[in-house]
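Asker: What follows is data-v2.pdb, made up of PDB, C-alpha atoms and all ligand atoms:
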```
ATOM      1  CA  MET A   1     -16.231 -10.581 -24.274  1.00  0.00           C
ATOM      2  CA  ALA A   2     -13.600  -9.836 -21.623  1.00  0.00           C
ATOM      3  CA  VAL A   3      -9.849 -10.032 -22.262  1.00  0.00           C
ATOM      4  CA  SER A   4      -8.160 -13.238 -20.986  1.00  0.00           C
ATOM      5  CA  VAL A   5      -6.551 -13.111 -17.541  1.00  0.00           C
ATOM      6  CA  ASP A   6      -3.106 -13.782 -19.068  1.00  0.00           C
ATOM      7  CA  ASP A   7      -3.434 -10.984 -21.628  1.00  0.00           C
ATOM      8  CA  PHE A   8      -4.747  -8.646 -18.930  1.00  0.00           C
ATOM      9  CA  LYS A   9      -1.792  -9.399 -16.616  1.00  0.00           C
ATOM     10  CA  LYS A  10       0.681  -9.035 -19.500  1.00  0.00           C
ATOM     11  CA  ALA A  11      -0.737  -5.630 -20.412  1.00  0.00           C
ATOM     12  CA  LEU A  12      -0.824  -4.392 -16.816  1.00  0.00           C
ATOM     13  CA  GLN A  13       2.859  -5.331 -16.371  1.00  0.00           C
ATOM     14  CA  LEU A  14       3.538  -2.360 -18.651  1.00  0.00           C
ATOM     15  CA  TRP A  15       1.961  -0.020 -16.117  1.00  0.00           C
ATOM     16  CA  GLY A  16       4.951   1.251 -14.143  1.00  0.00           C
ATOM     17  CA  SER A  17       4.313   2.679 -10.701  1.00  0.00           C
ATOM     18  CA  SER A  18       5.697   3.570  -7.320  1.00  0.00           C
ATOM     19  CA  VAL A  19       5.428   1.038  -4.486  1.00  0.00           C
ATOM     20  CA  ALA A  20       3.728   1.655  -1.132  1.00  0.00           C
ATOM     21  CA  VAL A  21       3.033  -0.211   2.096  1.00  0.00           C
ATOM     22  CA  VAL A  22      -0.525   0.257   3.354  1.00  0.00           C
ATOM     23  CA  THR A  23      -0.711  -0.068   7.139  1.00  0.00           C
ATOM     24  CA  THR A  24      -3.399  -0.072   9.798  1.00  0.00           C
ATOM     25  CA  GLN A  25      -3.857  -0.794  13.503  1.00  0.00           C
ATOM     26  CA  SER A  26      -7.003  -2.220  15.083  1.00  0.00           C
ATOM     27  CA  ALA A  27      -7.995  -3.627  18.461  1.00  0.00           C
ATOM     28  CA  GLN A  28      -8.757  -7.071  17.028  1.00  0.00           C
ATOM     29  CA  PHE A  29      -5.839  -7.541  14.610  1.00  0.00           C
ATOM     30  CA  GLY A  30      -3.105  -5.252  15.964  1.00  0.00           C
ATOM     31  CA  VAL A  31      -0.656  -3.718  13.482  1.00  0.00           C
ATOM     32  CA  GLN A  32      -0.882  -4.905   9.884  1.00  0.00           C
ATOM     33  CA  GLY A  33       0.629  -3.859   6.589  1.00  0.00           C
ATOM     34  CA  MET A  34       0.955  -4.988   2.987  1.00  0.00           C
ATOM     35  CA  THR A  35       2.745  -3.900  -0.169  1.00  0.00           C
ATOM     36  CA  VAL A  36       0.617  -2.319  -2.906  1.00  0.00           C
ATOM     37  CA  THR A  37       1.041  -0.720  -6.272  1.00  0.00           C
ATOM     38  CA  ALA A  38      -2.725  -0.201  -6.719  1.00  0.00           C
ATOM     39  CA  PHE A  39      -2.839   3.324  -5.301  1.00  0.00           C
ATOM     40  CA  SER A  40      -4.249   6.474  -6.841  1.00  0.00           C
ATOM     41  CA  SER A  41      -5.040  10.063  -6.068  1.00  0.00           C
ATOM     42  CA  VAL A  42      -8.819  10.571  -6.317  1.00  0.00           C
ATOM     43  CA  SER A  43      -9.610  14.180  -5.445  1.00  0.00           C
ATOM     44  CA  ALA A  44      -7.679  17.237  -4.200  1.00  0.00           C
ATOM     45  CA  ASN A  45     -10.597  18.974  -2.485  1.00  0.00           C
ATOM     46  CA  PRO A  46     -11.606  17.050  -0.467  1.00  0.00           C
ATOM     47  CA  PRO A  47      -8.207  15.293  -0.413  1.00  0.00           C
ATOM     48  CA  GLN A  48      -8.947  11.645  -1.181  1.00  0.00           C
ATOM     49  CA  VAL A  49      -6.943   8.622  -2.336  1.00  0.00           C
ATOM     50  CA  LEU A  50      -7.753   5.061  -3.325  1.00  0.00           C
ATOM     51  CA  VAL A  51      -6.074   1.728  -2.579  1.00  0.00           C
ATOM     52  CA  CYS A  52      -7.108  -1.662  -4.005  1.00  0.00           C
ATOM     53  CA  ILE A  53      -6.711  -4.550  -1.588  1.00  0.00           C
ATOM     54  CA  ASN A  54      -7.313  -8.224  -2.332  1.00  0.00           C
ATOM     55  CA  GLU A  55     -10.259  -9.454  -0.298  1.00  0.00           C
ATOM     56  CA  ALA A  56      -8.080 -12.372   0.909  1.00  0.00           C
ATOM     57  CA  ALA A  57      -5.455 -10.046   2.446  1.00  0.00           C
ATOM     58  CA  ASP A  58      -5.398  -9.795   6.250  1.00  0.00           C
ATOM     59  CA  THR A  59      -4.770  -6.055   6.186  1.00  0.00           C
ATOM     60  CA  GLY A  60      -8.199  -5.427   4.621  1.00  0.00           C
ATOM     61  CA  LEU A  61      -9.867  -6.932   7.698  1.00  0.00           C
ATOM     62  CA  GLY A  62      -7.923  -4.589   9.948  1.00  0.00           C
ATOM     63  CA  ILE A  63      -8.855  -1.545   7.858  1.00  0.00           C
ATOM     64  CA  ALA A  64     -12.520  -2.590   7.982  1.00  0.00           C
ATOM     65  CA  GLU A  65     -12.302  -2.579  11.774  1.00  0.00           C
ATOM     66  CA  SER A  66     -10.117   0.488  12.354  1.00  0.00           C
ATOM     67  CA  GLN A  67     -11.614   2.590   9.520  1.00  0.00           C
ATOM     68  CA  CYS A  68      -8.184   4.121   8.949  1.00  0.00           C
ATOM     69  CA  PHE A  69      -4.976   3.394   7.064  1.00  0.00           C
ATOM     70  CA  ALA A  70      -1.640   4.955   6.147  1.00  0.00           C
ATOM     71  CA  VAL A  71       0.010   4.837   2.727  1.00  0.00           C
ATOM     72  CA  ASN A  72       3.819   4.663   3.103  1.00  0.00           C
ATOM     73  CA  VAL A  73       5.479   5.301  -0.284  1.00  0.00           C
ATOM     74  CA  LEU A  74       8.826   3.493  -0.467  1.00  0.00           C
ATOM     75  CA  LYS A  75      12.276   4.809  -1.321  1.00  0.00           C
ATOM     76  CA  SER A  76      14.497   3.215  -3.960  1.00  0.00           C
ATOM     77  CA  THR A  77      16.529   1.602  -1.135  1.00  0.00           C
ATOM     78  CA  GLN A  78      13.506  -0.200   0.386  1.00  0.00           C
ATOM     79  CA  GLN A  79      13.106  -3.201  -1.922  1.00  0.00           C
ATOM     80  CA  GLN A  80      13.639  -5.644   0.943  1.00  0.00           C
ATOM     81  CA  LEU A  81      10.957  -3.905   3.017  1.00  0.00           C
ATOM     82  CA  SER A  82       8.594  -4.200   0.034  1.00  0.00           C
ATOM     83  CA  ASN A  83       9.206  -7.953  -0.247  1.00  0.00           C
ATOM     84  CA  GLN A  84       8.755  -8.437   3.478  1.00  0.00           C
ATOM     85  CA  PHE A  85       5.348  -6.708   3.444  1.00  0.00           C
ATOM     86  CA  ALA A  86       4.349  -8.702   0.347  1.00  0.00           C
ATOM     87  CA  GLY A  87       4.265 -11.939   2.336  1.00  0.00           C
ATOM     88  CA  GLY A  88       7.983 -12.489   2.995  1.00  0.00           C
ATOM     89  CA  SER A  89       7.361 -12.618   6.750  1.00  0.00           C
ATOM     90  CA  SER A  90       4.630 -12.576   9.403  1.00  0.00           C
ATOM     91  CA  GLN A  91       2.852  -9.352  10.355  1.00  0.00           C
ATOM     92  CA  GLU A  92       4.679  -9.414  13.711  1.00  0.00           C
ATOM     93  CA  GLN A  93       8.066  -9.741  12.052  1.00  0.00           C
ATOM     94  CA  ARG A  94       7.300  -7.002   9.497  1.00  0.00           C
ATOM     95  CA  PHE A  95       6.824  -4.463  12.298  1.00  0.00           C
ATOM     96  CA  ALA A  96       9.614  -5.853  14.495  1.00  0.00           C
ATOM     97  CA  ASP A  97      12.178  -5.441  11.690  1.00  0.00           C
ATOM     98  CA  ASN A  98      11.133  -1.957  10.566  1.00  0.00           C
ATOM     99  CA  ASP A  99      10.957   1.113  12.814  1.00  0.00           C
ATOM    100  CA  TRP A 100       7.536   2.729  12.971  1.00  0.00           C
ATOM    101  CA  GLN A 101       5.368   4.947  15.096  1.00  0.00           C
ATOM    102  CA  ALA A 102       1.604   5.309  15.400  1.00  0.00           C
ATOM    103  CA  GLY A 103       0.257   8.301  13.482  1.00  0.00           C
ATOM    104  CA  LEU A 104      -2.752  10.526  14.174  1.00  0.00           C
ATOM    105  CA  THR A 105      -5.199   7.762  13.311  1.00  0.00           C
ATOM    106  CA  GLY A 106      -3.198   5.022  15.046  1.00  0.00           C
ATOM    107  CA  ALA A 107      -2.087   3.507  11.727  1.00  0.00           C
ATOM    108  CA  PRO A 108       1.671   2.750  11.661  1.00  0.00           C
ATOM    109  CA  ILE A 109       3.921   5.270   9.945  1.00  0.00           C
ATOM    110  CA  LEU A 110       7.055   3.491   8.746  1.00  0.00           C
ATOM    111  CA  ASN A 111      10.193   5.504   9.478  1.00  0.00           C
ATOM    112  CA  ASP A 112      12.223   6.878   6.592  1.00  0.00           C
ATOM    113  CA  THR A 113       9.824   6.186   3.726  1.00  0.00           C
ATOM    114  CA  LEU A 114       9.565   8.776   0.926  1.00  0.00           C
ATOM    115  CA  MET A 115       6.083   9.974   1.814  1.00  0.00           C
ATOM    116  CA  THR A 116       3.250   9.043   4.155  1.00  0.00           C
ATOM    117  CA  LEU A 117      -0.474   9.813   3.898  1.00  0.00           C
ATOM    118  CA  GLU A 118      -2.679   9.199   6.934  1.00  0.00           C
ATOM    119  CA  CYS A 119      -6.260   8.461   5.937  1.00  0.00           C
ATOM    120  CA  THR A 120      -9.706   7.766   7.339  1.00  0.00           C
ATOM    121  CA  VAL A 121     -11.998   5.508   5.309  1.00  0.00           C
ATOM    122  CA  VAL A 122     -14.845   7.304   3.538  1.00  0.00           C
ATOM    123  CA  ASP A 123     -16.060   4.559   1.196  1.00  0.00           C
ATOM    124  CA  LYS A 124     -15.399   0.999   0.144  1.00  0.00           C
ATOM    125  CA  VAL A 125     -16.550  -1.002  -2.916  1.00  0.00           C
ATOM    126  CA  LEU A 126     -15.927  -4.684  -3.714  1.00  0.00           C
ATOM    127  CA  ALA A 127     -14.957  -4.968  -7.418  1.00  0.00           C
ATOM    128  CA  GLY A 128     -14.029  -8.471  -8.605  1.00  0.00           C
ATOM    129  CA  THR A 129     -11.508  -9.840  -6.104  1.00  0.00           C
ATOM    130  CA  HIS A 130     -10.462  -6.490  -4.609  1.00  0.00           C
ATOM    131  CA  TRP A 131     -11.775  -3.932  -2.166  1.00  0.00           C
ATOM    132  CA  LEU A 132     -11.480  -0.402  -3.509  1.00  0.00           C
ATOM    133  CA  ILE A 133     -10.944   1.616  -0.341  1.00  0.00           C
ATOM    134  CA  ILE A 134     -11.258   5.399  -0.545  1.00  0.00           C
ATOM    135  CA  GLY A 135      -9.642   7.404   2.228  1.00  0.00           C
ATOM    136  CA  GLU A 136      -9.722  11.060   3.163  1.00  0.00           C
ATOM    137  CA  VAL A 137      -6.185  12.281   3.837  1.00  0.00           C
ATOM    138  CA  GLN A 138      -5.801  13.691   7.355  1.00  0.00           C
ATOM    139  CA  ALA A 139      -2.060  14.341   7.254  1.00  0.00           C
ATOM    140  CA  ALA A 140       0.845  14.110   4.815  1.00  0.00           C
ATOM    141  CA  VAL A 141       4.575  13.793   5.512  1.00  0.00           C
ATOM    142  CA  CYS A 142       7.126  14.244   2.697  1.00  0.00           C
ATOM    143  CA  ARG A 143      10.810  13.259   2.949  1.00  0.00           C
ATOM    144  CA  GLU A 144      13.868  13.463   0.690  1.00  0.00           C
ATOM    145  CA  GLY A 145      14.857  10.651  -1.666  1.00  0.00           C
ATOM    146  CA  ASP A 146      14.037   8.714  -4.846  1.00  0.00           C
ATOM    147  CA  PRO A 147      11.041   6.380  -5.238  1.00  0.00           C
ATOM    148  CA  LEU A 148      11.129   2.602  -5.628  1.00  0.00           C
ATOM    149  CA  ILE A 149       9.588   1.763  -9.030  1.00  0.00           C
ATOM    150  CA  TYR A 150       7.872  -1.500 -10.074  1.00  0.00           C
ATOM    151  CA  PHE A 151       7.692  -2.237 -13.804  1.00  0.00           C
ATOM    152  CA  SER A 152       7.355  -5.418 -15.877  1.00  0.00           C
ATOM    153  CA  GLY A 153       7.502  -7.667 -12.812  1.00  0.00           C
ATOM    154  CA  ALA A 154      10.706  -6.175 -11.373  1.00  0.00           C
ATOM    155  CA  TYR A 155      11.902  -3.347  -9.161  1.00  0.00           C
ATOM    156  CA  ARG A 156      13.509  -0.421 -10.991  1.00  0.00           C
ATOM    157  CA  GLN A 157      15.247   2.842 -10.210  1.00  0.00           C
ATOM    158  CA  LEU A 158      14.602   6.250 -11.770  1.00  0.00           C
ATOM    159  CA  ALA A 159      17.084   7.125 -14.502  1.00  0.00           C
ATOM    160  CA  ASP A 160      18.907  10.452 -14.090  1.00  0.00           C
ATOM    161  CA  ASN A 161      18.090  11.749 -17.585  1.00  0.00           C
TER     162      ASN A 161
HETATM  163  C1  LIG A 201       5.225  -5.004  -5.965  1.00  0.00           C
HETATM  164  C2  LIG A 201       3.976  -5.594  -5.360  1.00  0.00           C
HETATM  165  C3  LIG A 201       2.758  -4.925  -5.503  1.00  0.00           C
HETATM  166  C4  LIG A 201       1.579  -5.442  -4.941  1.00  0.00           C
HETATM  167  N1  LIG A 201       0.416  -4.725  -5.076  1.00  0.00           N
HETATM  168  C5  LIG A 201      -0.724  -5.201  -4.506  1.00  0.00           C
HETATM  169  C6  LIG A 201      -1.929  -4.430  -4.589  1.00  0.00           C
HETATM  170  O1  LIG A 201      -1.959  -3.336  -5.146  1.00  0.00           O
HETATM  171  N2  LIG A 201      -3.036  -4.945  -3.983  1.00  0.00           N
HETATM  172  C7  LIG A 201      -3.032  -6.164  -3.344  1.00  0.00           C
HETATM  173  O2  LIG A 201      -4.088  -6.586  -2.845  1.00  0.00           O
HETATM  174  N3  LIG A 201      -1.896  -6.901  -3.250  1.00  0.00           N
HETATM  175  C8  LIG A 201      -0.755  -6.442  -3.805  1.00  0.00           C
HETATM  176  N4  LIG A 201       0.408  -7.165  -3.690  1.00  0.00           N
HETATM  177  C9  LIG A 201       0.395  -8.446  -2.961  1.00  0.00           C
HETATM  178  C10 LIG A 201       0.390  -8.221  -1.426  1.00  0.00           C
HETATM  179  O3  LIG A 201       1.441  -7.369  -1.001  1.00  0.00           O
HETATM  180  C11 LIG A 201       0.535  -9.564  -0.670  1.00  0.00           C
HETATM  181  O4  LIG A 201      -0.441 -10.457  -1.112  1.00  0.00           O
HETATM  182  C12 LIG A 201       0.450  -9.342   0.821  1.00  0.00           C
HETATM  183  O5  LIG A 201       1.300 -10.242   1.440  1.00  0.00           O
HETATM  184  C13 LIG A 201      -0.930  -9.533   1.363  1.00  0.00           C
HETATM  185  O6  LIG A 201      -0.920  -9.282   2.741  1.00  0.00           O
HETATM  186  P1  LIG A 201      -1.022 -10.455   3.843  1.00  0.00           P
HETATM  187  O7  LIG A 201       0.304 -11.153   3.763  1.00  0.00           O
HETATM  188  O8  LIG A 201      -1.232  -9.711   5.088  1.00  0.00           O
HETATM  189  O9  LIG A 201      -2.200 -11.327   3.464  1.00  0.00           O
HETATM  190  C14 LIG A 201       1.599  -6.673  -4.243  1.00  0.00           C
HETATM  191  C15 LIG A 201       2.830  -7.348  -4.106  1.00  0.00           C
HETATM  192  C16 LIG A 201       3.995  -6.806  -4.649  1.00  0.00           C
HETATM  193  C17 LIG A 201       5.309  -7.536  -4.471  1.00  0.00           C
END
```
Represent the structure from my file as structure tokens, please.
Answerer:
Amino acid sequence: MAVSVDDFKKALQLWGSSVAVVTTQSAQFGVQGMTVTAFSSVSANPPQVLVCINEAADTGLGIAESQCFAVNVLKSTQQQLSNQFAGGSSQEQRFADNDWQAGLTGAPILNDTLMTLECTVVDKVLAGTHWLIIGEVQAAVCREGDPLIYFSGAYRQLADN
């Protein structure tokens, strides 16, 4: 017998994580991006990562077409950007308000995030309501700063000690 949805959500709130914006660019849908915490490293050799994207999210359609995406890990100062890419504004507005440039794959790299991984899709599995999308990392950019943390339904900062 499966755990109830409420108990599951309550438990998962205790999983603290960084916050990222997954972006893509396709001929049909243009530039798209959405905030995620469901991100994981999968394998170092070959270098692969995983993102979990609700099947109802627009960005998943774009990734299916473009077969590429970028994972932009946010800095502690980018809470507003996170909210914007979580549905706070239209796709057009998200990219008008935040500086970006197209990366190797064409997926948007948001300027001044903590880290960016550019990926090509190698596999995709529908599990429950979410697409598990596995990408092979083609390029990585690391920058200075602290990460934005999401824990127990709220944004947090790293403590110094
Ligand atoms: C902190 C935070 C983490 C989120 N993590 C995920 C996630 O891992 N996967 C997901 O499908 N949606 C996640 N969401 C919700 C999406 O960002 C939101 O539904 C988004 O607006 C969907 O994109 P769309 O507006 O293009 O449909 C998260 C939202 C927030 C605020």
Asker: Which residues are close to Val22 of chain A, i.e. within 10 Å by only C-alpha atoms, leaving aside same-chain residues fewer than 6 positions away? Reply as a PyMOL selection string.
Answerer: chain A and resi 32-37+39+51+53+59-60+63+69-73+85+107-110+116-118
Asker: Could you tell me how far atom CA of Asn161 of chain A lies from atom C1 of ligand LIG 201 (chain A), in Å and to one decimal?
Answerer: 24.1 Å
Asker: Counting all atoms listed in the file, figure out which residue out of A:Pro46, A:Gly135, A:Gly62, A:Gly103 gets nearest to ligand LIG 201 (chain A).
Answerer: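 Going through A:Pro46, A:Gly135, A:Gly62, A:Gly103 one by one, the smallest distance to ligand LIG 201 (chain A) is for A:Gly62.
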Asker: As an exercise, work out the distance from atom CA of Asp123 of chain A to atom CA of Ala64 of chain A in Å and give it to one decimal place.
Answerer: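 Answer for the atom CA of Asp123 of chain A to atom CA of Ala64 of chain A separation: 10.5 Å.
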Asker: So which one's closest to Gly145 of chain A, A:Asp99, A:Glu65, A:Asp7, A:Asp112? Using all atoms listed in the file, please.
Answerer: A:Asp112
Asker: At a cut-off of 8 Å, using all atoms listed in the file, what residues contact Leu158 of chain A? Leave out same-chain residues fewer than 4 positions from it and give the result as a list in words.
Answerer: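 Surrounding residues, per the criterion: Asp146, Pro147, Leu148 and Ile149 of chain A.
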Asker: Counting all atoms listed in the file, which of A:Leu14, A:Leu61, A:Thr24, A:Gln91 gets nearest to Trp131 of chain A?
Answerer: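 Closest to Trp131 of chain A of all the choices is A:Leu61.
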Asker: I'd like the interatomic distance between atom CA of Lys75 of chain A and atom CA of Gln48 of chain A, to a tenth of an Å.
Answerer: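 The value is 22.3 Å.
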Asker: Could you check which of A:Leu81, A:Ala27, A:Ala140, A:Leu104 is closest to ligand LIG 201 (chain A), using all atoms listed in the file?
Answerer: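 Distance minimum relative to ligand LIG 201 (chain A) lands on A:Leu81.
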